[in-house]
Amino acid sequence: MNTGFMMCGGACLLCLLLTLIFTIFKEKSVMLISGFNTMPKEKRELYDKEKLSKDYRNIFLIWAIIQGIGAILAYYISQYIAVIAFIIWLIVFFKDVHLDKEKAFGKYKNLKRD
């Protein structure tokens, strides 16, 4: 049993599922984003939910591609390739994750003035 293939394959399927959810439900899916769903409703209205949804859809797709390539290479070459795929995924993950809400969602603020 190829453990690397199973781990990367499972992560790939999970990321593809999240990509599909963000593609189908569009703006409604932003409630799945950690940090955004804990904001008061008044503050959530200040953000461009469509852009936020598209960006997270693309992020999950990139993660799925990384894990998918890792799964394929782990199956055909060596299960240890999955470790490399996981390290690459970690680098991309920590590049996109922020602990500060303003830093995480600041670029999605609506600049429309009524």
# chains A, B, ... in the order shown; residues from 1 in each chain; ligands from 1
>>> select_by_dssp(residues="chain A", states="helix (DSSP H, G or I)", output="count of residues only")
86
>>> closest_atom_pairs(of="region 3-84 of chain A", to="region 91-102 of chain A", cutoff="8 Å", atoms="only C-alpha atoms", output="JSON lines")
{"residue": "A:Gly35", "atom": "CA", "partner": "A:Lys101", "partner_atom": "CA", "distance": 6.6}
{"residue": "A:Phe36", "atom": "CA", "partner": "A:Lys101", "partner_atom": "CA", "distance": 7.8}
{"residue": "A:Trp63", "atom": "CA", "partner": "A:Val92", "partner_atom": "CA", "distance": 8.0}
>>> closest_residue(among="A:Leu46, A:Ile69, A:Met7, A:Met1", to="Ile88 (chain A)", atoms="only C-alpha atoms")
A:Ile69
>>> closest_residue(among="A:Met39, A:Ala85, A:Leu61, A:Lys103", to="Leu73 (chain A)", atoms="only C-alpha atoms")
A:Ala85
>>> residues_around(residues="Ala82 (chain A)", least_positions_apart="6", cutoff="12 Å", atoms="only C-alpha atoms", output="PyMOL selection string")
chain A and resi 2-12+66-76+88-89
>>> write_last_selection(atoms="N, CA and C atoms", output="PDB file, in the first residue's frame")
ATOM      1  N   ASN A   2       0.627   2.153  -0.921  1.00  0.00           N
ATOM      2  CA  ASN A   2       1.421   3.355  -1.080  1.00  0.00           C
ATOM      3  C   ASN A   2       0.819   4.473  -0.231  1.00  0.00           C
ATOM      4  N   THR A   3       1.404   4.707   0.924  1.00  0.00           N
ATOM      5  CA  THR A   3       0.870   5.693   1.868  1.00  0.00           C
ATOM      6  C   THR A   3       0.940   7.107   1.310  1.00  0.00           C
ATOM      7  N   GLY A   4       2.023   7.445   0.638  1.00  0.00           N
ATOM      8  CA  GLY A   4       2.167   8.782   0.060  1.00  0.00           C
ATOM      9  C   GLY A   4       1.075   9.080  -0.947  1.00  0.00           C
ATOM     10  N   PHE A   5       0.770   8.088  -1.784  1.00  0.00           N
ATOM     11  CA  PHE A   5      -0.298   8.253  -2.773  1.00  0.00           C
ATOM     12  C   PHE A   5      -1.642   8.455  -2.084  1.00  0.00           C
ATOM     13  N   MET A   6      -1.896   7.671  -1.047  1.00  0.00           N
ATOM     14  CA  MET A   6      -3.177   7.773  -0.339  1.00  0.00           C
ATOM     15  C   MET A   6      -3.337   9.130   0.339  1.00  0.00           C
ATOM     16  N   MET A   7      -2.284   9.625   0.972  1.00  0.00           N
ATOM     17  CA  MET A   7      -2.367  10.909   1.680  1.00  0.00           C
ATOM     18  C   MET A   7      -2.540  12.069   0.698  1.00  0.00           C
ATOM     19  N   CYS A   8      -1.724  12.095  -0.343  1.00  0.00           N
ATOM     20  CA  CYS A   8      -1.842  13.176  -1.321  1.00  0.00           C
ATOM     21  C   CYS A   8      -3.158  13.073  -2.090  1.00  0.00           C
ATOM     22  N   GLY A   9      -3.564  11.859  -2.398  1.00  0.00           N
ATOM     23  CA  GLY A   9      -4.832  11.668  -3.104  1.00  0.00           C
ATOM     24  C   GLY A   9      -6.018  12.133  -2.276  1.00  0.00           C
ATOM     25  N   GLY A  10      -6.008  11.815  -0.991  1.00  0.00           N
ATOM     26  CA  GLY A  10      -7.081  12.261  -0.101  1.00  0.00           C
ATOM     27  C   GLY A  10      -7.119  13.775   0.038  1.00  0.00           C
ATOM     28  N   ALA A  11      -5.943  14.380   0.199  1.00  0.00           N
ATOM     29  CA  ALA A  11      -5.863  15.846   0.302  1.00  0.00           C
ATOM     30  C   ALA A  11      -6.315  16.506  -0.998  1.00  0.00           C
ATOM     31  N   CYS A  12      -5.961  15.889  -2.123  1.00  0.00           N
ATOM     32  CA  CYS A  12      -6.374  16.412  -3.423  1.00  0.00           C
ATOM     33  C   CYS A  12      -7.892  16.382  -3.560  1.00  0.00           C
ATOM     34  N   ILE A  66      -1.329  20.775  -6.517  1.00  0.00           N
ATOM     35  CA  ILE A  66      -0.077  20.385  -5.838  1.00  0.00           C
ATOM     36  C   ILE A  66      -0.204  18.965  -5.285  1.00  0.00           C
ATOM     37  N   GLN A  67      -1.292  18.707  -4.575  1.00  0.00           N
ATOM     38  CA  GLN A  67      -1.480  17.382  -3.984  1.00  0.00           C
ATOM     39  C   GLN A  67      -1.733  16.319  -5.058  1.00  0.00           C
ATOM     40  N   GLY A  68      -2.425  16.679  -6.113  1.00  0.00           N
ATOM     41  CA  GLY A  68      -2.668  15.725  -7.205  1.00  0.00           C
ATOM     42  C   GLY A  68      -1.392  15.302  -7.904  1.00  0.00           C
ATOM     43  N   ILE A  69      -0.535  16.272  -8.187  1.00  0.00           N
ATOM     44  CA  ILE A  69       0.762  15.953  -8.791  1.00  0.00           C
ATOM     45  C   ILE A  69       1.583  15.097  -7.832  1.00  0.00           C
ATOM     46  N   GLY A  70       1.533  15.440  -6.542  1.00  0.00           N
ATOM     47  CA  GLY A  70       2.230  14.627  -5.544  1.00  0.00           C
ATOM     48  C   GLY A  70       1.717  13.207  -5.503  1.00  0.00           C
ATOM     49  N   ALA A  71       0.397  13.026  -5.612  1.00  0.00           N
ATOM     50  CA  ALA A  71      -0.192  11.679  -5.597  1.00  0.00           C
ATOM     51  C   ALA A  71       0.240  10.875  -6.814  1.00  0.00           C
ATOM     52  N   ILE A  72       0.203  11.507  -7.985  1.00  0.00           N
ATOM     53  CA  ILE A  72       0.591  10.799  -9.212  1.00  0.00           C
ATOM     54  C   ILE A  72       2.061  10.398  -9.165  1.00  0.00           C
ATOM     55  N   LEU A  73       2.909  11.342  -8.765  1.00  0.00           N
ATOM     56  CA  LEU A  73       4.340  11.029  -8.690  1.00  0.00           C
ATOM     57  C   LEU A  73       4.641  10.009  -7.596  1.00  0.00           C
ATOM     58  N   ALA A  74       3.905  10.070  -6.499  1.00  0.00           N
ATOM     59  CA  ALA A  74       4.107   9.094  -5.421  1.00  0.00           C
ATOM     60  C   ALA A  74       3.696   7.702  -5.890  1.00  0.00           C
ATOM     61  N   TYR A  75       2.694   7.618  -6.729  1.00  0.00           N
ATOM     62  CA  TYR A  75       2.224   6.317  -7.222  1.00  0.00           C
ATOM     63  C   TYR A  75       3.217   5.715  -8.217  1.00  0.00           C
ATOM     64  N   TYR A  76       3.721   6.541  -9.135  1.00  0.00           N
ATOM     65  CA  TYR A  76       4.569   6.021 -10.204  1.00  0.00           C
ATOM     66  C   TYR A  76       6.060   6.041  -9.901  1.00  0.00           C
ATOM     67  N   ILE A  88       5.851  21.556  -0.258  1.00  0.00           N
ATOM     68  CA  ILE A  88       5.464  22.621  -1.189  1.00  0.00           C
ATOM     69  C   ILE A  88       4.097  23.176  -0.804  1.00  0.00           C
ATOM     70  N   TRP A  89       3.164  22.288  -0.467  1.00  0.00           N
ATOM     71  CA  TRP A  89       1.828  22.724  -0.048  1.00  0.00           C
ATOM     72  C   TRP A  89       1.912  23.576   1.221  1.00  0.00           C
TER      73      TRP A  89
END
>>> closest_residue(among="A:Thr38, A:Lys49, A:Lys54, A:Ile62", to="Ile21 (chain A)", atoms="only C-alpha atoms")
A:Lys54
>>> closest_residue(among="A:Ser78, A:Phe105, A:Lys43, A:Arg57", to="Leu18 (chain A)", atoms="only C-alpha atoms")
A:Arg57
>>> closest_residue(among="A:Phe22, A:Leu13, A:Lys109, A:Gln79", to="Ile59 (chain A)", atoms="only C-alpha atoms")
A:Phe22
>>> atom_distance(atom1="CA of Leu16 (chain A)", atom2="CA of Ala64 (chain A)")
5.8 Å
>>> atom_distance(atom1="CA of Gly106 (chain A)", atom2="CA of Lys41 (chain A)")
16.3 Å
>>> atom_distance(atom1="CA of Leu90 (chain A)", atom2="CA of Val30 (chain A)")
22.3 Å
>>> decode(residues="region 39-73 of chain A", atoms="N, CA and C atoms", output="mmCIF file, in the first residue's frame")
data_model
loop_
_atom_site.group_PDB
_atom_site.id
_atom_site.type_symbol
_atom_site.label_atom_id
_atom_site.label_comp_id
_atom_site.auth_asym_id
_atom_site.auth_seq_id
_atom_site.Cartn_x
_atom_site.Cartn_y
_atom_site.Cartn_z
ATOM 1 N N MET A 39 -17.029 37.348 12.035
ATOM 2 C CA MET A 39 -17.233 38.793 12.035
ATOM 3 C C MET A 39 -18.713 39.108 12.209
ATOM 4 N N PRO A 40 -19.009 40.252 12.803
ATOM 5 C CA PRO A 40 -20.416 40.682 12.855
ATOM 6 C C PRO A 40 -20.956 40.918 11.437
ATOM 7 N N LYS A 41 -22.242 40.736 11.266
ATOM 8 C CA LYS A 41 -22.861 40.849 9.938
ATOM 9 C C LYS A 41 -22.598 42.212 9.305
ATOM 10 N N GLU A 42 -22.585 43.261 10.116
ATOM 11 C CA GLU A 42 -22.353 44.598 9.591
ATOM 12 C C GLU A 42 -20.954 44.723 8.975
ATOM 13 N N LYS A 43 -19.972 44.105 9.605
ATOM 14 C CA LYS A 43 -18.607 44.158 9.077
ATOM 15 C C LYS A 43 -18.458 43.297 7.825
ATOM 16 N N ARG A 44 -19.149 42.154 7.793
ATOM 17 C CA ARG A 44 -19.067 41.284 6.616
ATOM 18 C C ARG A 44 -19.595 41.973 5.367
ATOM 19 N N GLU A 45 -20.544 42.865 5.543
ATOM 20 C CA GLU A 45 -21.128 43.572 4.398
ATOM 21 C C GLU A 45 -20.135 44.537 3.752
ATOM 22 N N LEU A 46 -19.066 44.869 4.442
ATOM 23 C CA LEU A 46 -18.072 45.803 3.913
ATOM 24 C C LEU A 46 -17.100 45.151 2.934
ATOM 25 N N TYR A 47 -17.187 43.847 2.756
ATOM 26 C CA TYR A 47 -16.226 43.115 1.935
ATOM 27 C C TYR A 47 -16.855 42.638 0.637
ATOM 28 N N ASP A 48 -16.031 42.512 -0.385
ATOM 29 C CA ASP A 48 -16.456 42.022 -1.692
ATOM 30 C C ASP A 48 -16.477 40.492 -1.641
ATOM 31 N N LYS A 49 -17.649 39.944 -1.403
ATOM 32 C CA LYS A 49 -17.778 38.494 -1.214
ATOM 33 C C LYS A 49 -17.513 37.725 -2.502
ATOM 34 N N GLU A 50 -17.845 38.327 -3.637
ATOM 35 C CA GLU A 50 -17.612 37.643 -4.907
ATOM 36 C C GLU A 50 -16.121 37.437 -5.160
ATOM 37 N N LYS A 51 -15.342 38.496 -4.953
ATOM 38 C CA LYS A 51 -13.895 38.397 -5.140
ATOM 39 C C LYS A 51 -13.274 37.446 -4.113
ATOM 40 N N LEU A 52 -13.743 37.515 -2.888
ATOM 41 C CA LEU A 52 -13.259 36.637 -1.826
ATOM 42 C C LEU A 52 -13.516 35.179 -2.181
ATOM 43 N N SER A 53 -14.707 34.894 -2.677
ATOM 44 C CA SER A 53 -15.070 33.534 -3.063
ATOM 45 C C SER A 53 -14.208 33.033 -4.223
ATOM 46 N N LYS A 54 -13.995 33.874 -5.225
ATOM 47 C CA LYS A 54 -13.170 33.477 -6.372
ATOM 48 C C LYS A 54 -11.729 33.212 -5.965
ATOM 49 N N ASP A 55 -11.185 34.073 -5.108
ATOM 50 C CA ASP A 55 -9.803 33.882 -4.679
ATOM 51 C C ASP A 55 -9.634 32.591 -3.880
ATOM 52 N N TYR A 56 -10.564 32.309 -2.992
ATOM 53 C CA TYR A 56 -10.459 31.076 -2.215
ATOM 54 C C TYR A 56 -10.690 29.844 -3.083
ATOM 55 N N ARG A 57 -11.557 29.959 -4.066
ATOM 56 C CA ARG A 57 -11.743 28.862 -5.024
ATOM 57 C C ARG A 57 -10.430 28.572 -5.725
ATOM 58 N N ASN A 58 -9.734 29.634 -6.173
ATOM 59 C CA ASN A 58 -8.460 29.459 -6.864
ATOM 60 C C ASN A 58 -7.381 28.909 -5.936
ATOM 61 N N ILE A 59 -7.381 29.347 -4.685
ATOM 62 C CA ILE A 59 -6.419 28.830 -3.710
ATOM 63 C C ILE A 59 -6.613 27.330 -3.517
ATOM 64 N N PHE A 60 -7.865 26.915 -3.341
ATOM 65 C CA PHE A 60 -8.130 25.485 -3.157
ATOM 66 C C PHE A 60 -7.776 24.684 -4.409
ATOM 67 N N LEU A 61 -7.974 25.270 -5.587
ATOM 68 C CA LEU A 61 -7.608 24.583 -6.821
ATOM 69 C C LEU A 61 -6.094 24.401 -6.916
ATOM 70 N N ILE A 62 -5.344 25.415 -6.542
ATOM 71 C CA ILE A 62 -3.878 25.308 -6.547
ATOM 72 C C ILE A 62 -3.429 24.227 -5.573
ATOM 73 N N TRP A 63 -4.040 24.209 -4.384
ATOM 74 C CA TRP A 63 -3.700 23.166 -3.413
ATOM 75 C C TRP A 63 -4.016 21.783 -3.970
ATOM 76 N N ALA A 64 -5.146 21.636 -4.654
ATOM 77 C CA ALA A 64 -5.528 20.347 -5.233
ATOM 78 C C ALA A 64 -4.532 19.915 -6.301
ATOM 79 N N ILE A 65 -4.075 20.860 -7.097
ATOM 80 C CA ILE A 65 -3.105 20.540 -8.147
ATOM 81 C C ILE A 65 -1.792 20.077 -7.533
ATOM 82 N N ILE A 66 -1.329 20.775 -6.517
ATOM 83 C CA ILE A 66 -0.077 20.385 -5.838
ATOM 84 C C ILE A 66 -0.204 18.965 -5.285
ATOM 85 N N GLN A 67 -1.292 18.707 -4.575
ATOM 86 C CA GLN A 67 -1.480 17.382 -3.984
ATOM 87 C C GLN A 67 -1.733 16.319 -5.058
ATOM 88 N N GLY A 68 -2.425 16.679 -6.113
ATOM 89 C CA GLY A 68 -2.668 15.725 -7.205
ATOM 90 C C GLY A 68 -1.392 15.302 -7.904
ATOM 91 N N ILE A 69 -0.535 16.272 -8.187
ATOM 92 C CA ILE A 69 0.762 15.953 -8.791
ATOM 93 C C ILE A 69 1.583 15.097 -7.832
ATOM 94 N N GLY A 70 1.533 15.440 -6.542
ATOM 95 C CA GLY A 70 2.230 14.627 -5.544
ATOM 96 C C GLY A 70 1.717 13.207 -5.503
ATOM 97 N N ALA A 71 0.397 13.026 -5.612
ATOM 98 C CA ALA A 71 -0.192 11.679 -5.597
ATOM 99 C C ALA A 71 0.240 10.875 -6.814
ATOM 100 N N ILE A 72 0.203 11.507 -7.985
ATOM 101 C CA ILE A 72 0.591 10.799 -9.212
ATOM 102 C C ILE A 72 2.061 10.398 -9.165
ATOM 103 N N LEU A 73 2.909 11.342 -8.765
ATOM 104 C CA LEU A 73 4.340 11.029 -8.690
ATOM 105 C C LEU A 73 4.641 10.009 -7.596
#
